[in-house]
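Asker: Structure: query_17.pdb, PDB, C-alpha atoms and all ligand atoms.
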ATOM      1  CA  MET A  19     176.030  85.323 138.507  1.00  0.00           C
ATOM      2  CA  LYS A  20     179.078  83.303 139.616  1.00  0.00           C
ATOM      3  CA  PHE A  21     180.107  83.224 143.224  1.00  0.00           C
ATOM      4  CA  LEU A  22     183.421  81.920 144.585  1.00  0.00           C
ATOM      5  CA  HIS A  23     183.829  81.233 148.300  1.00  0.00           C
ATOM      6  CA  ILE A  24     187.292  80.435 149.641  1.00  0.00           C
ATOM      7  CA  ASP A  25     188.473  79.435 153.100  1.00  0.00           C
ATOM      8  CA  SER A  26     192.064  79.115 154.246  1.00  0.00           C
ATOM      9  CA  SER A  27     191.964  78.670 158.020  1.00  0.00           C
ATOM     10  CA  ILE A  28     193.672  75.571 159.423  1.00  0.00           C
ATOM     11  CA  LEU A  29     191.365  75.564 162.461  1.00  0.00           C
ATOM     12  CA  GLY A  30     188.370  73.736 160.974  1.00  0.00           C
ATOM     13  CA  GLY A  31     185.263  73.984 163.129  1.00  0.00           C
ATOM     14  CA  ASN A  32     186.975  76.396 165.556  1.00  0.00           C
ATOM     15  CA  SER A  33     187.816  78.887 162.853  1.00  0.00           C
ATOM     16  CA  ALA A  34     186.563  82.442 163.208  1.00  0.00           C
ATOM     17  CA  SER A  35     187.159  83.374 159.559  1.00  0.00           C
ATOM     18  CA  ARG A  36     185.286  80.271 158.368  1.00  0.00           C
ATOM     19  CA  GLN A  37     182.331  81.158 160.572  1.00  0.00           C
ATOM     20  CA  LEU A  38     182.241  84.718 159.242  1.00  0.00           C
ATOM     21  CA  SER A  39     182.910  83.881 155.593  1.00  0.00           C
ATOM     22  CA  ALA A  40     180.104  81.281 155.696  1.00  0.00           C
ATOM     23  CA  ALA A  41     177.666  83.797 157.196  1.00  0.00           C
ATOM     24  CA  ILE A  42     178.597  86.434 154.614  1.00  0.00           C
ATOM     25  CA  ALA A  43     178.527  84.010 151.676  1.00  0.00           C
ATOM     26  CA  GLY A  44     175.144  82.771 152.913  1.00  0.00           C
ATOM     27  CA  GLN A  45     173.754  86.300 153.114  1.00  0.00           C
ATOM     28  CA  LEU A  46     175.006  87.189 149.645  1.00  0.00           C
ATOM     29  CA  SER A  47     173.791  84.046 147.953  1.00  0.00           C
ATOM     30  CA  LYS A  48     170.362  84.411 149.575  1.00  0.00           C
ATOM     31  CA  ALA A  49     170.167  87.939 148.192  1.00  0.00           C
ATOM     32  CA  THR A  50     171.071  86.728 144.680  1.00  0.00           C
ATOM     33  CA  PRO A  51     168.665  84.060 143.397  1.00  0.00           C
ATOM     34  CA  GLY A  52     170.072  81.510 140.942  1.00  0.00           C
ATOM     35  CA  VAL A  53     173.659  82.160 141.983  1.00  0.00           C
ATOM     36  CA  ASP A  54     176.225  79.639 140.761  1.00  0.00           C
ATOM     37  CA  MET A  55     178.302  78.897 143.893  1.00  0.00           C
ATOM     38  CA  VAL A  56     181.798  77.358 143.945  1.00  0.00           C
ATOM     39  CA  TYR A  57     183.506  76.578 147.253  1.00  0.00           C
ATOM     40  CA  ARG A  58     187.237  75.977 147.648  1.00  0.00           C
ATOM     41  CA  ASP A  59     188.791  74.912 150.951  1.00  0.00           C
ATOM     42  CA  LEU A  60     192.512  75.644 150.705  1.00  0.00           C
ATOM     43  CA  ALA A  61     193.303  73.901 154.000  1.00  0.00           C
ATOM     44  CA  ALA A  62     191.444  70.680 153.176  1.00  0.00           C
ATOM     45  CA  GLU A  63     192.792  70.598 149.617  1.00  0.00           C
ATOM     46  CA  PRO A  64     195.999  72.639 149.611  1.00  0.00           C
ATOM     47  CA  LEU A  65     197.608  73.824 146.427  1.00  0.00           C
ATOM     48  CA  SER A  66     201.319  73.122 146.100  1.00  0.00           C
ATOM     49  CA  HIS A  67     203.905  75.890 146.306  1.00  0.00           C
ATOM     50  CA  LEU A  68     204.543  77.671 143.043  1.00  0.00           C
ATOM     51  CA  THR A  69     207.624  76.115 141.412  1.00  0.00           C
ATOM     52  CA  GLY A  70     209.919  77.079 138.552  1.00  0.00           C
ATOM     53  CA  GLU A  71     208.437  74.298 136.402  1.00  0.00           C
ATOM     54  CA  LEU A  72     204.911  75.503 137.050  1.00  0.00           C
ATOM     55  CA  PHE A  73     205.896  79.091 136.339  1.00  0.00           C
ATOM     56  CA  ALA A  74     207.597  78.004 133.092  1.00  0.00           C
ATOM     57  CA  ALA A  75     204.432  76.160 132.040  1.00  0.00           C
ATOM     58  CA  ARG A  76     202.597  79.483 132.180  1.00  0.00           C
ATOM     59  CA  GLN A  77     205.033  80.773 129.617  1.00  0.00           C
ATOM     60  CA  GLY A  78     204.357  77.877 127.287  1.00  0.00           C
ATOM     61  CA  ALA A  79     206.773  75.162 128.475  1.00  0.00           C
ATOM     62  CA  VAL A  80     205.250  71.692 128.223  1.00  0.00           C
ATOM     63  CA  PRO A  81     205.219  69.962 131.635  1.00  0.00           C
ATOM     64  CA  GLU A  82     206.963  66.615 131.467  1.00  0.00           C
ATOM     65  CA  SER A  83     205.881  64.573 134.466  1.00  0.00           C
ATOM     66  CA  PRO A  84     202.272  63.465 135.007  1.00  0.00           C
ATOM     67  CA  ALA A  85     202.447  65.073 138.470  1.00  0.00           C
ATOM     68  CA  MET A  86     203.384  68.435 136.950  1.00  0.00           C
ATOM     69  CA  GLN A  87     200.724  68.096 134.258  1.00  0.00           C
ATOM     70  CA  LYS A  88     198.192  67.596 137.044  1.00  0.00           C
ATOM     71  CA  ASP A  89     199.556  70.623 138.907  1.00  0.00           C
ATOM     72  CA  VAL A  90     199.365  72.782 135.773  1.00  0.00           C
ATOM     73  CA  ALA A  91     195.756  71.716 135.194  1.00  0.00           C
ATOM     74  CA  ALA A  92     194.867  72.445 138.836  1.00  0.00           C
ATOM     75  CA  SER A  93     196.477  75.884 138.592  1.00  0.00           C
ATOM     76  CA  GLN A  94     194.543  76.675 135.438  1.00  0.00           C
ATOM     77  CA  ALA A  95     191.304  75.604 137.125  1.00  0.00           C
ATOM     78  CA  VAL A  96     192.020  77.937 140.069  1.00  0.00           C
ATOM     79  CA  LEU A  97     192.725  80.850 137.743  1.00  0.00           C
ATOM     80  CA  ASP A  98     189.627  80.185 135.603  1.00  0.00           C
ATOM     81  CA  GLU A  99     187.468  79.930 138.719  1.00  0.00           C
ATOM     82  CA  PHE A 100     188.693  83.331 139.884  1.00  0.00           C
ATOM     83  CA  LEU A 101     188.411  85.003 136.464  1.00  0.00           C
ATOM     84  CA  GLU A 102     184.853  83.720 135.982  1.00  0.00           C
ATOM     85  CA  ALA A 103     183.618  84.787 139.424  1.00  0.00           C
ATOM     86  CA  ASP A 104     181.507  87.923 139.799  1.00  0.00           C
ATOM     87  CA  ILE A 105     181.726  87.843 143.592  1.00  0.00           C
ATOM     88  CA  VAL A 106     184.581  86.340 145.637  1.00  0.00           C
ATOM     89  CA  VAL A 107     184.441  85.872 149.422  1.00  0.00           C
ATOM     90  CA  ILE A 108     187.752  84.934 151.061  1.00  0.00           C
ATOM     91  CA  GLY A 109     188.263  83.775 154.633  1.00  0.00           C
ATOM     92  CA  ALA A 110     191.769  85.044 155.438  1.00  0.00           C
ATOM     93  CA  PRO A 111     193.001  84.679 159.025  1.00  0.00           C
ATOM     94  CA  MET A 112     196.167  86.374 160.207  1.00  0.00           C
ATOM     95  CA  TYR A 113     198.930  83.836 160.877  1.00  0.00           C
ATOM     96  CA  ASN A 114     202.320  85.126 161.979  1.00  0.00           C
ATOM     97  CA  PHE A 115     201.390  88.643 160.910  1.00  0.00           C
ATOM     98  CA  GLY A 116     200.566  87.593 157.358  1.00  0.00           C
ATOM     99  CA  ILE A 117     198.183  85.308 155.499  1.00  0.00           C
ATOM    100  CA  PRO A 118     198.178  81.479 155.733  1.00  0.00           C
ATOM    101  CA  SER A 119     200.666  79.896 153.326  1.00  0.00           C
ATOM    102  CA  GLN A 120     197.730  77.991 151.789  1.00  0.00           C
ATOM    103  CA  LEU A 121     196.178  81.297 150.742  1.00  0.00           C
ATOM    104  CA  LYS A 122     199.535  82.560 149.457  1.00  0.00           C
ATOM    105  CA  SER A 123     199.694  79.518 147.143  1.00  0.00           C
ATOM    106  CA  TRP A 124     196.261  80.488 145.809  1.00  0.00           C
ATOM    107  CA  ILE A 125     197.421  84.083 145.250  1.00  0.00           C
ATOM    108  CA  ASP A 126     200.417  82.667 143.370  1.00  0.00           C
ATOM    109  CA  ARG A 127     197.927  80.936 141.050  1.00  0.00           C
ATOM    110  CA  ILE A 128     195.792  83.999 140.330  1.00  0.00           C
ATOM    111  CA  ALA A 129     198.489  86.681 140.010  1.00  0.00           C
ATOM    112  CA  VAL A 130     199.387  85.774 136.435  1.00  0.00           C
ATOM    113  CA  ALA A 131     200.945  88.161 133.917  1.00  0.00           C
ATOM    114  CA  GLY A 132     198.755  88.558 130.859  1.00  0.00           C
ATOM    115  CA  LYS A 133     195.696  87.233 132.701  1.00  0.00           C
ATOM    116  CA  THR A 134     195.160  89.356 135.803  1.00  0.00           C
ATOM    117  CA  PHE A 135     197.803  92.058 135.267  1.00  0.00           C
ATOM    118  CA  ARG A 136     200.227  93.298 132.651  1.00  0.00           C
ATOM    119  CA  TYR A 137     203.075  95.743 132.480  1.00  0.00           C
ATOM    120  CA  GLY A 138     202.921  98.454 129.851  1.00  0.00           C
ATOM    121  CA  PRO A 139     204.863 101.642 129.150  1.00  0.00           C
ATOM    122  CA  SER A 140     203.107 103.409 132.003  1.00  0.00           C
ATOM    123  CA  GLY A 141     203.653 100.601 134.522  1.00  0.00           C
ATOM    124  CA  PRO A 142     201.440  97.816 135.824  1.00  0.00           C
ATOM    125  CA  GLU A 143     197.807  97.519 134.806  1.00  0.00           C
ATOM    126  CA  GLY A 144     195.259  95.321 136.569  1.00  0.00           C
ATOM    127  CA  LEU A 145     193.092  93.148 134.336  1.00  0.00           C
ATOM    128  CA  ALA A 146     190.772  91.576 136.909  1.00  0.00           C
ATOM    129  CA  GLY A 147     188.426  94.481 137.513  1.00  0.00           C
ATOM    130  CA  GLY A 148     184.683  94.082 137.266  1.00  0.00           C
ATOM    131  CA  LYS A 149     184.327  91.707 140.168  1.00  0.00           C
ATOM    132  CA  GLN A 150     183.566  92.239 143.824  1.00  0.00           C
ATOM    133  CA  VAL A 151     185.990  90.776 146.370  1.00  0.00           C
ATOM    134  CA  ILE A 152     185.131  90.522 150.055  1.00  0.00           C
ATOM    135  CA  VAL A 153     187.995  89.545 152.352  1.00  0.00           C
ATOM    136  CA  VAL A 154     187.050  88.342 155.820  1.00  0.00           C
ATOM    137  CA  THR A 155     190.034  88.561 158.104  1.00  0.00           C
ATOM    138  CA  SER A 156     190.307  87.412 161.728  1.00  0.00           C
ATOM    139  CA  ARG A 157     193.184  88.102 164.069  1.00  0.00           C
ATOM    140  CA  GLY A 158     194.115  87.483 167.682  1.00  0.00           C
ATOM    141  CA  GLY A 159     195.436  90.962 168.496  1.00  0.00           C
ATOM    142  CA  LEU A 160     194.605  94.547 167.624  1.00  0.00           C
ATOM    143  CA  TYR A 161     196.208  96.126 164.565  1.00  0.00           C
ATOM    144  CA  GLY A 162     193.971  99.099 163.750  1.00  0.00           C
ATOM    145  CA  ALA A 163     195.324 102.577 163.103  1.00  0.00           C
ATOM    146  CA  GLY A 164     197.069 103.975 166.160  1.00  0.00           C
ATOM    147  CA  MET A 165     197.536 100.596 167.893  1.00  0.00           C
ATOM    148  CA  PRO A 166     201.098  99.732 168.992  1.00  0.00           C
ATOM    149  CA  ALA A 167     201.122  96.661 166.686  1.00  0.00           C
ATOM    150  CA  ALA A 168     199.621  98.443 163.658  1.00  0.00           C
ATOM    151  CA  ALA A 169     202.927  98.234 161.757  1.00  0.00           C
ATOM    152  CA  PHE A 170     202.944  94.410 162.125  1.00  0.00           C
ATOM    153  CA  GLU A 171     199.762  94.024 160.104  1.00  0.00           C
ATOM    154  CA  HIS A 172     200.719  92.284 156.843  1.00  0.00           C
ATOM    155  CA  ALA A 173     197.599  90.245 156.061  1.00  0.00           C
ATOM    156  CA  GLU A 174     194.900  92.836 155.339  1.00  0.00           C
ATOM    157  CA  SER A 175     197.433  95.285 153.864  1.00  0.00           C
ATOM    158  CA  TYR A 176     198.977  92.570 151.677  1.00  0.00           C
ATOM    159  CA  LEU A 177     195.594  91.490 150.315  1.00  0.00           C
ATOM    160  CA  ARG A 178     194.631  95.117 149.642  1.00  0.00           C
ATOM    161  CA  ALA A 179     197.872  95.497 147.662  1.00  0.00           C
ATOM    162  CA  VAL A 180     197.457  92.278 145.677  1.00  0.00           C
ATOM    163  CA  PHE A 181     193.826  92.848 144.726  1.00  0.00           C
ATOM    164  CA  GLY A 182     194.535  96.498 143.927  1.00  0.00           C
ATOM    165  CA  PHE A 183     197.450  95.421 141.730  1.00  0.00           C
ATOM    166  CA  ILE A 184     195.307  93.045 139.684  1.00  0.00           C
ATOM    167  CA  GLY A 185     192.643  95.709 139.186  1.00  0.00           C
ATOM    168  CA  VAL A 186     189.987  94.875 141.767  1.00  0.00           C
ATOM    169  CA  THR A 187     188.460  98.201 142.786  1.00  0.00           C
ATOM    170  CA  ASN A 188     185.356  96.771 144.452  1.00  0.00           C
ATOM    171  CA  LEU A 189     187.145  95.376 147.517  1.00  0.00           C
ATOM    172  CA  GLU A 190     185.590  95.133 150.954  1.00  0.00           C
ATOM    173  CA  ILE A 191     187.502  94.025 154.043  1.00  0.00           C
ATOM    174  CA  VAL A 192     185.605  92.667 157.030  1.00  0.00           C
ATOM    175  CA  VAL A 193     187.759  92.533 160.176  1.00  0.00           C
ATOM    176  CA  ALA A 194     187.235  90.642 163.436  1.00  0.00           C
ATOM    177  CA  GLU A 195     190.143  91.363 165.737  1.00  0.00           C
ATOM    178  CA  GLY A 196     191.253  90.944 169.318  1.00  0.00           C
ATOM    179  CA  LEU A 197     189.938  87.373 169.144  1.00  0.00           C
ATOM    180  CA  ALA A 198     192.629  86.076 171.507  1.00  0.00           C
ATOM    181  CA  MET A 199     191.761  88.678 174.142  1.00  0.00           C
ATOM    182  CA  GLY A 200     189.111  86.707 175.982  1.00  0.00           C
ATOM    183  CA  PRO A 201     185.709  85.219 175.143  1.00  0.00           C
ATOM    184  CA  GLU A 202     183.827  88.486 175.613  1.00  0.00           C
ATOM    185  CA  GLN A 203     186.030  90.446 173.237  1.00  0.00           C
ATOM    186  CA  ARG A 204     185.885  87.527 170.770  1.00  0.00           C
ATOM    187  CA  GLU A 205     182.097  87.448 170.814  1.00  0.00           C
ATOM    188  CA  LYS A 206     181.885  91.224 170.493  1.00  0.00           C
ATOM    189  CA  ALA A 207     184.348  91.299 167.587  1.00  0.00           C
ATOM    190  CA  MET A 208     182.617  88.455 165.725  1.00  0.00           C
ATOM    191  CA  GLN A 209     179.194  90.010 166.088  1.00  0.00           C
ATOM    192  CA  GLY A 210     180.539  93.477 165.273  1.00  0.00           C
ATOM    193  CA  ALA A 211     182.179  92.273 162.051  1.00  0.00           C
ATOM    194  CA  LEU A 212     178.988  90.637 160.823  1.00  0.00           C
ATOM    195  CA  LYS A 213     176.798  93.542 161.910  1.00  0.00           C
ATOM    196  CA  GLY A 214     179.083  96.005 160.093  1.00  0.00           C
ATOM    197  CA  PHE A 215     178.845  93.952 156.902  1.00  0.00           C
ATOM    198  CA  THR A 216     175.054  93.623 157.115  1.00  0.00           C
ATOM    199  CA  GLU A 217     174.471  97.303 157.926  1.00  0.00           C
ATOM    200  CA  LEU A 218     176.639  98.433 155.018  1.00  0.00           C
ATOM    201  CA  ARG A 219     174.435  96.398 152.663  1.00  0.00           C
ATOM    202  CA  ALA A 220     171.213  97.695 154.138  1.00  0.00           C
ATOM    203  CA  ALA A 221     172.344 101.346 153.894  1.00  0.00           C
TER
HETATM  204  C1  LIG A 301     199.431  79.548 163.387  1.00  0.00           C
HETATM  205  C2  LIG A 301     198.784  80.776 163.970  1.00  0.00           C
HETATM  206  C3  LIG A 301     199.456  81.979 163.922  1.00  0.00           C
HETATM  207  C4  LIG A 301     198.847  83.128 164.429  1.00  0.00           C
HETATM  208  N1  LIG A 301     199.494  84.310 164.340  1.00  0.00           N
HETATM  209  C5  LIG A 301     198.893  85.444 164.791  1.00  0.00           C
HETATM  210  C6  LIG A 301     199.513  86.705 164.651  1.00  0.00           C
HETATM  211  O1  LIG A 301     200.600  86.860 164.136  1.00  0.00           O
HETATM  212  N2  LIG A 301     198.859  87.789 165.129  1.00  0.00           N
HETATM  213  C7  LIG A 301     197.625  87.707 165.701  1.00  0.00           C
HETATM  214  O2  LIG A 301     197.078  88.729 166.096  1.00  0.00           O
HETATM  215  N3  LIG A 301     197.004  86.519 165.826  1.00  0.00           N
HETATM  216  C8  LIG A 301     197.607  85.395 165.386  1.00  0.00           C
HETATM  217  N4  LIG A 301     196.973  84.189 165.498  1.00  0.00           N
HETATM  218  C9  LIG A 301     195.607  84.169 166.008  1.00  0.00           C
HETATM  219  C10 LIG A 301     194.633  84.137 164.855  1.00  0.00           C
HETATM  220  O3  LIG A 301     194.785  85.257 163.999  1.00  0.00           O
HETATM  221  C11 LIG A 301     193.207  84.087 165.374  1.00  0.00           C
HETATM  222  O4  LIG A 301     193.072  82.905 166.144  1.00  0.00           O
HETATM  223  C12 LIG A 301     192.197  84.064 164.247  1.00  0.00           C
HETATM  224  O5  LIG A 301     190.935  83.833 164.776  1.00  0.00           O
HETATM  225  C13 LIG A 301     192.529  82.985 163.270  1.00  0.00           C
HETATM  226  O6  LIG A 301     191.483  82.836 162.329  1.00  0.00           O
HETATM  227  P1  LIG A 301     190.835  81.411 162.147  1.00  0.00           P
HETATM  228  O7  LIG A 301     190.200  81.104 163.476  1.00  0.00           O
HETATM  229  O8  LIG A 301     189.848  81.579 161.056  1.00  0.00           O
HETATM  230  O9  LIG A 301     191.921  80.448 161.785  1.00  0.00           O
HETATM  231  C14 LIG A 301     197.559  83.045 165.010  1.00  0.00           C
HETATM  232  C15 LIG A 301     196.900  81.812 165.061  1.00  0.00           C
HETATM  233  C16 LIG A 301     197.500  80.687 164.533  1.00  0.00           C
HETATM  234  C17 LIG A 301     196.749  79.382 164.574  1.00  0.00           C
END
Using structure tokens, write down the structure that the file contains.
Ligand SMILES: Cc1cc2nc3c(=O)[nH]c(=O)nc-3n(C[C@H](O)[C@H](O)[C@H](O)COP(=O)(O)O)c2cc1C

Answerer:
Amino acid sequence: MKFLHIDSSILGGNSASRQLSAAIAGQLSKATPGVDMVYRDLAAEPLSHLTGELFAARQGAVPESPAMQKDVAASQAVLDEFLEADIVVIGAPMYNFGIPSQLKSWIDRIAVAGKTFRYGPSGPEGLAGGKQVIVVTSRGGLYGAGMPAAAFEHAESYLRAVFGFIGVTNLEIVVAEGLAMGPEQREKAMQGALKGFTELRAA
């Protein structure tokens, strides 16, 4: 059983999504003896932006510079890591209504035609099914259905779209929100998110 744990928050020890993703990854790995765990910190070791040269290398172009060769190898490693994982836990805070750019660079490495999706006569087909993905998202405000800011939510909805597109049907989203609305609300939201995750497993 291969387990991939990813964090993308820039807030280090103060990060809510890191705290939650660590608790969830810990729970899951405890429940699965002999799990092969890989951890990737996208803030500590950021991936570069996707470039034309990198994109061309996916289509068979040979990268010329040593720097690009290194980038191509790193991209391949990220893709392989994702493809090999049975369970993926992703810490994904909301920044400026979307996901951190560090996480977007990771998405740009795993959304690869011919590997995780393909287009056929009937449209797009996801190729990355068969794995479980758990997204842990944290946000300062409230974006649930019926809230005035619901239409500004582009982190959770974006990740749902991307993972759906590449064929992940076993997707769970854990949300802690209203974290900027005072320490009490923060504590309640953090505990509630973890409790919800744990109760769902016990059910
Ligand atoms: C750069 C930055 C941008 C943010 N943008 C938003 C935002 O658009 N909407 C929101 O509700 N909260 C926003 N927040 C608050 C974060 O979503 C909140 O602090 C959350 O806990 C971040 O997760 P983290 O602690 O794991 O980094 C932002 C925080 C930062 C640092």

Asker: List as a ChimeraX atom specification the protein and nucleic acid residues near Tyr57 (chain A), meaning an atom at most 8 Å away when all atoms listed in the file are counted, but skip any in the same chain fewer than 2 places from it.

Answerer: /A:22-24,55,59

Asker: Exactly which residues make up the result of the PyMOL selection byres (((not hetatm)) within 6 of (chain A and resi 301)) on this file, given as a list in words?

Answerer: Ser27, Ile28, Leu29, Ser33, Ala34, Ser35, Arg36, Pro111, Met112, Tyr113, Asn114, Phe115, Ser156, Arg157, Gly158, Gly159 and Leu197 of chain A

Asker: Could you pull the residues within 12 Å of Glu205 (chain A), counting all atoms listed in the file, minus those fewer than 6 positions along the same chain, as a list in words?

Answerer: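 So the residues in contact are Ala34, Leu38, Ala194, Glu195, Gly196, Leu197, Ala198, Met199, Ala211 and Leu212 of chain A.
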
Asker: Please write the residues picked by the PyMOL selection byres (((chain A and resi 186) around 9) and not hetatm) on this file as an mmCIF file with C-alpha atoms, in the coordinates of the input.

Answerer:
data_model
loop_
_atom_site.group_PDB
_atom_site.id
_atom_site.type_symbol
_atom_site.label_atom_id
_atom_site.label_comp_id
_atom_site.auth_asym_id
_atom_site.auth_seq_id
_atom_site.Cartn_x
_atom_site.Cartn_y
_atom_site.Cartn_z
ATOM 1 C CA GLY A 144 195.259 95.321 136.569
ATOM 2 C CA LEU A 145 193.092 93.148 134.336
ATOM 3 C CA ALA A 146 190.772 91.576 136.909
ATOM 4 C CA GLY A 147 188.426 94.481 137.513
ATOM 5 C CA GLY A 148 184.683 94.082 137.266
ATOM 6 C CA LYS A 149 184.327 91.707 140.168
ATOM 7 C CA GLN A 150 183.566 92.239 143.824
ATOM 8 C CA VAL A 151 185.990 90.776 146.370
ATOM 9 C CA VAL A 180 197.457 92.278 145.677
ATOM 10 C CA PHE A 181 193.826 92.848 144.726
ATOM 11 C CA GLY A 182 194.535 96.498 143.927
ATOM 12 C CA PHE A 183 197.450 95.421 141.730
ATOM 13 C CA ILE A 184 195.307 93.045 139.684
ATOM 14 C CA GLY A 185 192.643 95.709 139.186
ATOM 15 C CA THR A 187 188.460 98.201 142.786
ATOM 16 C CA ASN A 188 185.356 96.771 144.452
ATOM 17 C CA LEU A 189 187.145 95.376 147.517
#

Asker: Residues within 12 Å of Gln77 (chain A), please, as a list in words. Count only C-alpha atoms; anything in the same chain fewer than 4 positions from it doesn't count.

Answerer: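 My reading of the contact set: Gly70, Glu71, Leu72, Phe73, Pro81, Val90, Val130, Ala131, Gly132 and Lys133 of chain A.
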
Asker: Could you check which of A:His172, A:Gly116, A:Thr216, A:Arg76 is closest to Gly44 (chain A), using only C-alpha atoms?

Answerer: A:Thr216

Asker: State, in Å with one decimal place, the distance from CA of Glu99 (chain A) to CA of Ser123 (chain A).

Answerer: 14.9 Å

Asker: Find the distance between CA of Leu97 (chain A) and CA of Arg127 (chain A) and write it in Å to one decimal.

Answerer: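 Interatomic distance here is 6.2 Å.
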
Asker: Just so the selection is clear, what residues does the PyMOL selection byres (((chain A and resi 121) around 12) and not hetatm) cover here, as a tab-separated table (two decimals) with C-alpha atoms, keeping the file's coordinate frame?

Answerer:
chain	number	residue	atom	x	y	z
A	24	ILE	CA	187.29	80.44	149.64
A	25	ASP	CA	188.47	79.44	153.10
A	26	SER	CA	192.06	79.11	154.25
A	27	SER	CA	191.96	78.67	158.02
A	28	ILE	CA	193.67	75.57	159.42
A	58	ARG	CA	187.24	75.98	147.65
A	59	ASP	CA	188.79	74.91	150.95
A	60	LEU	CA	192.51	75.64	150.71
A	61	ALA	CA	193.30	73.90	154.00
A	62	ALA	CA	191.44	70.68	153.18
A	63	GLU	CA	192.79	70.60	149.62
A	64	PRO	CA	196.00	72.64	149.61
A	65	LEU	CA	197.61	73.82	146.43
A	66	SER	CA	201.32	73.12	146.10
A	67	HIS	CA	203.90	75.89	146.31
A	68	LEU	CA	204.54	77.67	143.04
A	96	VAL	CA	192.02	77.94	140.07
A	108	ILE	CA	187.75	84.93	151.06
A	109	GLY	CA	188.26	83.78	154.63
A	110	ALA	CA	191.77	85.04	155.44
A	111	PRO	CA	193.00	84.68	159.02
A	112	MET	CA	196.17	86.37	160.21
A	113	TYR	CA	198.93	83.84	160.88
A	116	GLY	CA	200.57	87.59	157.36
A	117	ILE	CA	198.18	85.31	155.50
A	118	PRO	CA	198.18	81.48	155.73
A	119	SER	CA	200.67	79.90	153.33
A	120	GLN	CA	197.73	77.99	151.79
A	122	LYS	CA	199.54	82.56	149.46
A	123	SER	CA	199.69	79.52	147.14
A	124	TRP	CA	196.26	80.49	145.81
A	125	ILE	CA	197.42	84.08	145.25
A	126	ASP	CA	200.42	82.67	143.37
A	127	ARG	CA	197.93	80.94	141.05
A	128	ILE	CA	195.79	84.00	140.33
A	153	VAL	CA	188.00	89.54	152.35
A	173	ALA	CA	197.60	90.24	156.06
A	176	TYR	CA	198.98	92.57	151.68
A	177	LEU	CA	195.59	91.49	150.32

Asker: Reconstruct all heavy atoms of region 103-107 of chain A from the incomplete input and present them as an mmCIF file, in the frame of the given file.

Answerer:
data_model
loop_
_atom_site.group_PDB
_atom_site.id
_atom_site.type_symbol
_atom_site.label_atom_id
_atom_site.label_comp_id
_atom_site.auth_asym_id
_atom_site.auth_seq_id
_atom_site.Cartn_x
_atom_site.Cartn_y
_atom_site.Cartn_z
ATOM 1 N N ALA A 103 184.479 84.406 138.293
ATOM 2 C CA ALA A 103 183.618 84.787 139.424
ATOM 3 C C ALA A 103 183.230 86.259 139.364
ATOM 4 O O ALA A 103 184.048 87.124 139.043
ATOM 5 C CB ALA A 103 184.336 84.503 140.737
ATOM 6 N N ASP A 104 181.965 86.533 139.682
ATOM 7 C CA ASP A 104 181.507 87.923 139.799
ATOM 8 C C ASP A 104 181.729 88.411 141.228
ATOM 9 O O ASP A 104 182.018 89.583 141.453
ATOM 10 C CB ASP A 104 180.011 88.010 139.468
ATOM 11 C CG ASP A 104 179.715 87.530 138.064
ATOM 12 O OD1 ASP A 104 180.152 88.215 137.126
ATOM 13 O OD2 ASP A 104 179.091 86.463 137.903
ATOM 14 N N ILE A 105 181.523 87.506 142.180
ATOM 15 C CA ILE A 105 181.726 87.843 143.592
ATOM 16 C C ILE A 105 182.653 86.792 144.206
ATOM 17 O O ILE A 105 182.480 85.589 143.995
ATOM 18 C CB ILE A 105 180.390 87.833 144.375
ATOM 19 C CG1 ILE A 105 179.368 88.779 143.740
ATOM 20 C CG2 ILE A 105 180.610 88.202 145.839
ATOM 21 C CD1 ILE A 105 178.014 88.788 144.434
ATOM 22 N N VAL A 106 183.649 87.262 144.975
ATOM 23 C CA VAL A 106 184.581 86.340 145.637
ATOM 24 C C VAL A 106 184.607 86.682 147.133
ATOM 25 O O VAL A 106 184.841 87.833 147.499
ATOM 26 C CB VAL A 106 186.012 86.493 145.056
ATOM 27 C CG1 VAL A 106 186.959 85.465 145.665
ATOM 28 C CG2 VAL A 106 186.007 86.383 143.539
ATOM 29 N N VAL A 107 184.340 85.692 147.960
ATOM 30 C CA VAL A 107 184.441 85.872 149.422
ATOM 31 C C VAL A 107 185.607 85.020 149.905
ATOM 32 O O VAL A 107 185.672 83.825 149.610
ATOM 33 C CB VAL A 107 183.141 85.447 150.139
ATOM 34 C CG1 VAL A 107 183.313 85.505 151.652
ATOM 35 C CG2 VAL A 107 181.980 86.345 149.729
#
